[in-house]
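Notes follow the structure.
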Amino acid sequence: IAGGIAGSMSVFVGHPFDTIKVRMQSSASASTSHLWSSGLFRGLGPPLSSAAILNAIIFSSFGESSRLWDLYLPQREELHPYKSFVCGCVAGFIQCNVLCPMEHVKCRLQLQQEYKNSWDATNGIARRHGVAALFRGWTATVWREVPAFGLYFAMYDWVKDFVSNKMKNTTSISTTTWVPSAVSGGVTGAATWALIYPFDVIKTRIQTMDIDTHLSSRRILSVGRSLVSQHGWSILVRGLGVCLMRAFPVNAIIFPVYEYSLGILAKL
């Protein structure tokens with residue numbers, strides 16, 4: 001529940017930036033004048049409707065895999081970063097099955113006028129091309145999400161400890177309760193996105209191709225080679241600035257809201 005509340009809050013903050021990012025990644029032109037046009041909240045339905053589910057899956061999967069780690073593996077302090085990384089990877093993999101179709105629908109809504117809303121897009125794709133078509137880009141999503149969440153959880157604890165130690169001498173107790181979580185979430189989220197961003201560019205291209213595109217033309221390596229040959233290596237970081245502008249506030253919200261909600265729920 002706490003993860004769901006945190007995820008829903010973050011969607012409202014990050015969606016306009018996400019729309020611009022997707023437009024930049026899918027545009028054949030490097031010009032950005034048309035990217036800030038109306039409709040920045042177009043495609044909000046899929047991520048908002050699934051945000052609670054996704055974040056509940058992520059945090060519960062991380063918690064359960066952490067419990068299994070403690071149950072079957074030695075609990076040594078030096079292994080803690082590896083534990084966070086492995087359990088984060090597990091959480092990232094599990095949520096891909098919900099995230100992939102949601103992002104596929106979202107990307108098409110953000111770029112096309114063919115569908116009226118998320119339900120129309122989901123129904124249209126499934127009816128014309130089969131349910132499997134909703135999972136277009138699943139492999140690229142896995143390559144993005146698995147290492148991303150492994151790094152995310154592993155880095156978060158380290159950054160939070162660092163920020164907390166720097167703030168030990170502060171006199172504002174109310175500030176120190178949420179500032180380390182917010183700063184750590186924002187820094188970790190932005191750093192993680194910077195590291196895995198090329199996979200996101202490729203995933204967006206795959207999910208916004210003509211849906212009848214042959215499998216051989218939408219494999220990760222094939223799409224990556226095609227993008228680099230046509231636009232140069234810089235295409236793999238197109239939209240990164242906007243992505244980082246989105247990543248910091250979105251992730252700065254998630255952990256403080258999650259931890260606050262968890263504390264409130266624990267008292268009920």
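Every chain in the structure tokens takes a letter, A first, then B, and so on in the order presented; its residues are numbered from 1, and the ligands are numbered from 1 following the presented order.
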
Skipping near chain neighbours, those fewer than 2 positions away, what residues fall within 10 Å of Ala140 in chain A using only C-alpha atoms, listed as an MDAnalysis selection string? chainID A and resid 96 100 136:138 142:145 199:204 206:207 219:220

Give the helix (DSSP H, G or I) residues of range 113-267 of chain A, as assigned by DSSP on the backbone, as a PyMOL selection string. chain A and resi 118-129+131-135+138-166+173-176+179-208+215-217+220-231+233-237+240-267

Selection near Val228 in chain A, 12 Å with only C-alpha atoms, sequence-local residues under 6 positions removed, as a list in words: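 Counting only C-alpha atoms, the residues come to Pro198, Val201, Ile202, Leu221, Ser222, Ser234, Ile235, Leu236, Val237 and Arg238 of chain A.
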
Find the residues near Met245 in chain A: any atom within 12 Å, counting only C-alpha atoms, skip ones fewer than 2 places away on the same chain, and give them as a PyMOL selection string. chain A and resi 13-18+20-21+186-187+189-191+193-194+239-243+247-252

Atom pair CA of Arg108 in chain A / CA of Ile94 in chain A: separation (Å):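 CA of Arg108 in chain A sits 23.3 Å away from CA of Ile94 in chain A.
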
Find the spatial neighbours of Pro180 in chain A, counting only C-alpha atoms, within a cut-off of 12 Å - ignore same-chain residues fewer than 4 positions away - and output them as a compact mmCIF listing (two decimals) with all heavy atoms, in the first residue's frame.
# COMPACT_ATOMS: atom_id res chain seq x y z
N TYR A 156 21.05 3.45 -3.00
CA TYR A 156 20.20 4.27 -2.13
C TYR A 156 20.69 4.24 -0.67
O TYR A 156 20.82 5.28 -0.03
CB TYR A 156 18.75 3.80 -2.20
CG TYR A 156 17.84 4.51 -1.23
CD1 TYR A 156 17.39 5.81 -1.48
CD2 TYR A 156 17.45 3.91 -0.03
CE1 TYR A 156 16.58 6.48 -0.59
CE2 TYR A 156 16.64 4.58 0.88
CZ TYR A 156 16.21 5.86 0.59
OH TYR A 156 15.40 6.52 1.49
N ASP A 157 20.92 3.04 -0.15
CA ASP A 157 21.35 2.93 1.25
C ASP A 157 22.67 3.66 1.49
O ASP A 157 22.86 4.33 2.51
CB ASP A 157 21.49 1.45 1.64
CG ASP A 157 20.15 0.77 1.79
OD1 ASP A 157 19.16 1.48 2.03
OD2 ASP A 157 20.08 -0.47 1.64
N TRP A 158 23.60 3.51 0.54
CA TRP A 158 24.91 4.14 0.69
C TRP A 158 24.79 5.66 0.68
O TRP A 158 25.36 6.36 1.52
CB TRP A 158 25.85 3.69 -0.43
CG TRP A 158 27.23 4.26 -0.30
CD1 TRP A 158 28.25 3.78 0.46
CD2 TRP A 158 27.72 5.46 -0.93
NE1 TRP A 158 29.36 4.59 0.34
CE2 TRP A 158 29.06 5.63 -0.51
CE3 TRP A 158 27.16 6.39 -1.81
CZ2 TRP A 158 29.84 6.69 -0.94
CZ3 TRP A 158 27.94 7.46 -2.24
CH2 TRP A 158 29.27 7.60 -1.80
N VAL A 159 24.03 6.19 -0.29
CA VAL A 159 23.85 7.64 -0.39
C VAL A 159 23.10 8.18 0.82
O VAL A 159 23.45 9.24 1.36
CB VAL A 159 23.11 8.02 -1.69
CG1 VAL A 159 22.85 9.53 -1.75
CG2 VAL A 159 23.91 7.60 -2.91
N LYS A 160 22.10 7.45 1.29
CA LYS A 160 21.33 7.91 2.45
C LYS A 160 22.20 7.97 3.70
O LYS A 160 22.12 8.92 4.48
CB LYS A 160 20.13 7.00 2.70
CG LYS A 160 19.22 7.50 3.81
CD LYS A 160 18.01 6.61 4.00
CE LYS A 160 17.11 7.15 5.11
NZ LYS A 160 15.93 6.29 5.34
N ASP A 161 23.05 6.96 3.90
CA ASP A 161 23.96 6.98 5.04
C ASP A 161 24.93 8.16 4.95
O ASP A 161 25.21 8.82 5.95
CB ASP A 161 24.76 5.67 5.11
CG ASP A 161 23.90 4.49 5.54
OD1 ASP A 161 22.82 4.73 6.11
OD2 ASP A 161 24.31 3.33 5.29
N PHE A 162 25.41 8.42 3.75
CA PHE A 162 26.34 9.53 3.54
C PHE A 162 25.68 10.87 3.85
O PHE A 162 26.24 11.70 4.58
CB PHE A 162 26.83 9.52 2.08
CG PHE A 162 27.75 10.66 1.74
CD1 PHE A 162 29.09 10.62 2.07
CD2 PHE A 162 27.25 11.79 1.08
CE1 PHE A 162 29.94 11.68 1.76
CE2 PHE A 162 28.08 12.84 0.76
CZ PHE A 162 29.43 12.80 1.10
N VAL A 163 24.46 11.08 3.33
CA VAL A 163 23.74 12.34 3.56
C VAL A 163 23.38 12.49 5.04
O VAL A 163 23.51 13.57 5.62
CB VAL A 163 22.47 12.40 2.69
CG1 VAL A 163 21.63 13.63 3.03
CG2 VAL A 163 22.84 12.42 1.21
N SER A 164 22.95 11.39 5.66
CA SER A 164 22.57 11.44 7.08
C SER A 164 23.75 11.82 7.96
O SER A 164 23.63 12.60 8.90
CB SER A 164 22.00 10.09 7.51
OG SER A 164 20.82 9.79 6.81
N ASN A 165 24.93 11.25 7.65
CA ASN A 165 26.13 11.56 8.43
C ASN A 165 26.53 13.03 8.28
O ASN A 165 27.01 13.65 9.23
CB ASN A 165 27.29 10.66 8.00
CG ASN A 165 27.09 9.23 8.45
OD1 ASN A 165 26.42 8.96 9.44
ND2 ASN A 165 27.67 8.28 7.71
N LYS A 166 26.32 13.58 7.07
CA LYS A 166 26.66 14.98 6.83
C LYS A 166 25.71 15.92 7.57
O LYS A 166 26.04 17.08 7.84
CB LYS A 166 26.62 15.28 5.33
CG LYS A 166 27.74 14.63 4.52
CD LYS A 166 29.08 15.26 4.86
CE LYS A 166 30.19 14.68 4.00
NZ LYS A 166 31.52 15.27 4.35
N MET A 167 24.51 15.42 7.89
CA MET A 167 23.50 16.27 8.51
C MET A 167 23.34 16.03 10.01
O MET A 167 22.40 16.51 10.63
CB MET A 167 22.15 16.04 7.82
CG MET A 167 22.13 16.42 6.35
SD MET A 167 20.51 16.12 5.60
CE MET A 167 19.49 17.24 6.55
N LYS A 168 24.26 15.29 10.59
CA LYS A 168 24.14 14.93 12.01
C LYS A 168 24.10 16.15 12.93
O LYS A 168 23.49 16.12 14.00
CB LYS A 168 25.31 14.03 12.41
CG LYS A 168 25.03 12.56 12.13
CD LYS A 168 26.17 11.70 12.64
CE LYS A 168 25.85 10.22 12.40
NZ LYS A 168 26.96 9.35 12.85
N ILE A 173 15.07 18.70 13.59
CA ILE A 173 14.73 17.27 13.60
C ILE A 173 13.73 16.93 12.51
O ILE A 173 13.84 15.92 11.83
CB ILE A 173 14.16 16.86 14.98
CG1 ILE A 173 15.22 17.08 16.05
CG2 ILE A 173 13.72 15.40 14.97
CD1 ILE A 173 14.71 16.80 17.46
N SER A 174 12.75 17.82 12.31
CA SER A 174 11.73 17.54 11.30
C SER A 174 12.31 17.49 9.90
O SER A 174 11.82 16.79 9.03
CB SER A 174 10.63 18.61 11.34
OG SER A 174 11.18 19.90 11.08
N THR A 175 13.37 18.26 9.66
CA THR A 175 14.00 18.26 8.34
C THR A 175 14.80 16.99 8.11
O THR A 175 14.74 16.39 7.05
CB THR A 175 14.94 19.49 8.19
OG1 THR A 175 14.15 20.67 8.33
CG2 THR A 175 15.63 19.49 6.84
N THR A 176 15.55 16.55 9.12
CA THR A 176 16.41 15.39 8.93
C THR A 176 15.62 14.10 8.74
O THR A 176 16.18 13.12 8.27
CB THR A 176 17.35 15.22 10.13
OG1 THR A 176 16.57 15.09 11.32
CG2 THR A 176 18.29 16.40 10.26
N SER A 184 18.64 11.29 -1.30
CA SER A 184 19.18 9.98 -1.70
C SER A 184 18.36 9.39 -2.84
O SER A 184 18.91 8.84 -3.79
CB SER A 184 19.17 9.02 -0.51
OG SER A 184 19.89 9.56 0.57
N GLY A 185 17.04 9.49 -2.73
CA GLY A 185 16.18 8.98 -3.80
C GLY A 185 16.42 9.72 -5.10
O GLY A 185 16.53 9.11 -6.16
N GLY A 186 16.51 11.06 -5.03
CA GLY A 186 16.73 11.85 -6.23
C GLY A 186 18.07 11.58 -6.89
O GLY A 186 18.15 11.36 -8.10
N VAL A 187 19.13 11.57 -6.09
CA VAL A 187 20.48 11.32 -6.63
C VAL A 187 20.58 9.92 -7.20
O VAL A 187 21.12 9.72 -8.31
CB VAL A 187 21.54 11.52 -5.52
CG1 VAL A 187 22.91 11.03 -5.99
CG2 VAL A 187 21.62 13.00 -5.13
N THR A 188 20.08 8.95 -6.47
CA THR A 188 20.15 7.56 -6.91
C THR A 188 19.34 7.34 -8.18
O THR A 188 19.80 6.66 -9.11
CB THR A 188 19.63 6.61 -5.81
OG1 THR A 188 20.41 6.82 -4.63
CG2 THR A 188 19.76 5.16 -6.23
N ALA A 252 12.87 11.61 -5.68
CA ALA A 252 12.96 12.31 -4.41
C ALA A 252 11.63 12.23 -3.66
O ALA A 252 11.59 12.31 -2.43
CB ALA A 252 13.32 13.78 -4.64
N ILE A 253 10.55 12.04 -4.39
CA ILE A 253 9.22 11.91 -3.78
C ILE A 253 8.97 10.49 -3.29
O ILE A 253 8.41 10.27 -2.21
CB ILE A 253 8.13 12.32 -4.79
CG1 ILE A 253 8.11 13.84 -4.95
CG2 ILE A 253 6.75 11.82 -4.36
CD1 ILE A 253 7.17 14.32 -6.02
N PHE A 255 10.69 7.74 -2.07
CA PHE A 255 11.13 7.17 -0.80
C PHE A 255 10.59 7.89 0.44
O PHE A 255 10.15 7.23 1.38
CB PHE A 255 12.66 7.07 -0.76
CG PHE A 255 13.18 5.78 -1.30
CD1 PHE A 255 13.73 5.71 -2.57
CD2 PHE A 255 13.09 4.61 -0.56
CE1 PHE A 255 14.19 4.50 -3.08
CE2 PHE A 255 13.56 3.40 -1.06
CZ PHE A 255 14.11 3.35 -2.33
N PRO A 256 10.59 9.23 0.47
CA PRO A 256 10.00 9.88 1.65
C PRO A 256 8.51 9.54 1.83
O PRO A 256 8.07 9.27 2.95
CB PRO A 256 10.19 11.37 1.36
CG PRO A 256 11.34 11.43 0.45
CD PRO A 256 11.24 10.21 -0.41
N GLU A 259 8.27 5.82 2.96
CA GLU A 259 8.65 5.62 4.36
C GLU A 259 7.65 6.26 5.31
O GLU A 259 7.34 5.71 6.37
CB GLU A 259 10.07 6.17 4.58
CG GLU A 259 11.13 5.34 3.86
CD GLU A 259 12.51 5.99 3.86
OE1 GLU A 259 12.63 7.14 4.35
OE2 GLU A 259 13.47 5.36 3.36

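Distances here use only C-alpha atoms; by that measure, the residue among A:Arg76, A:Lys83, A:His129, A:Arg205 closest to His104 in chain A is A:Arg205.
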
Pick from A:Gly263, A:Phe62, A:Ile211, A:Lys106: nearest to Ile125 in chain A, with only C-alpha atoms counted? A:Ile211

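We find CA of Cys107 in chain A and CA of Asn123 in chain A to be spaced 15.2 Å apart.
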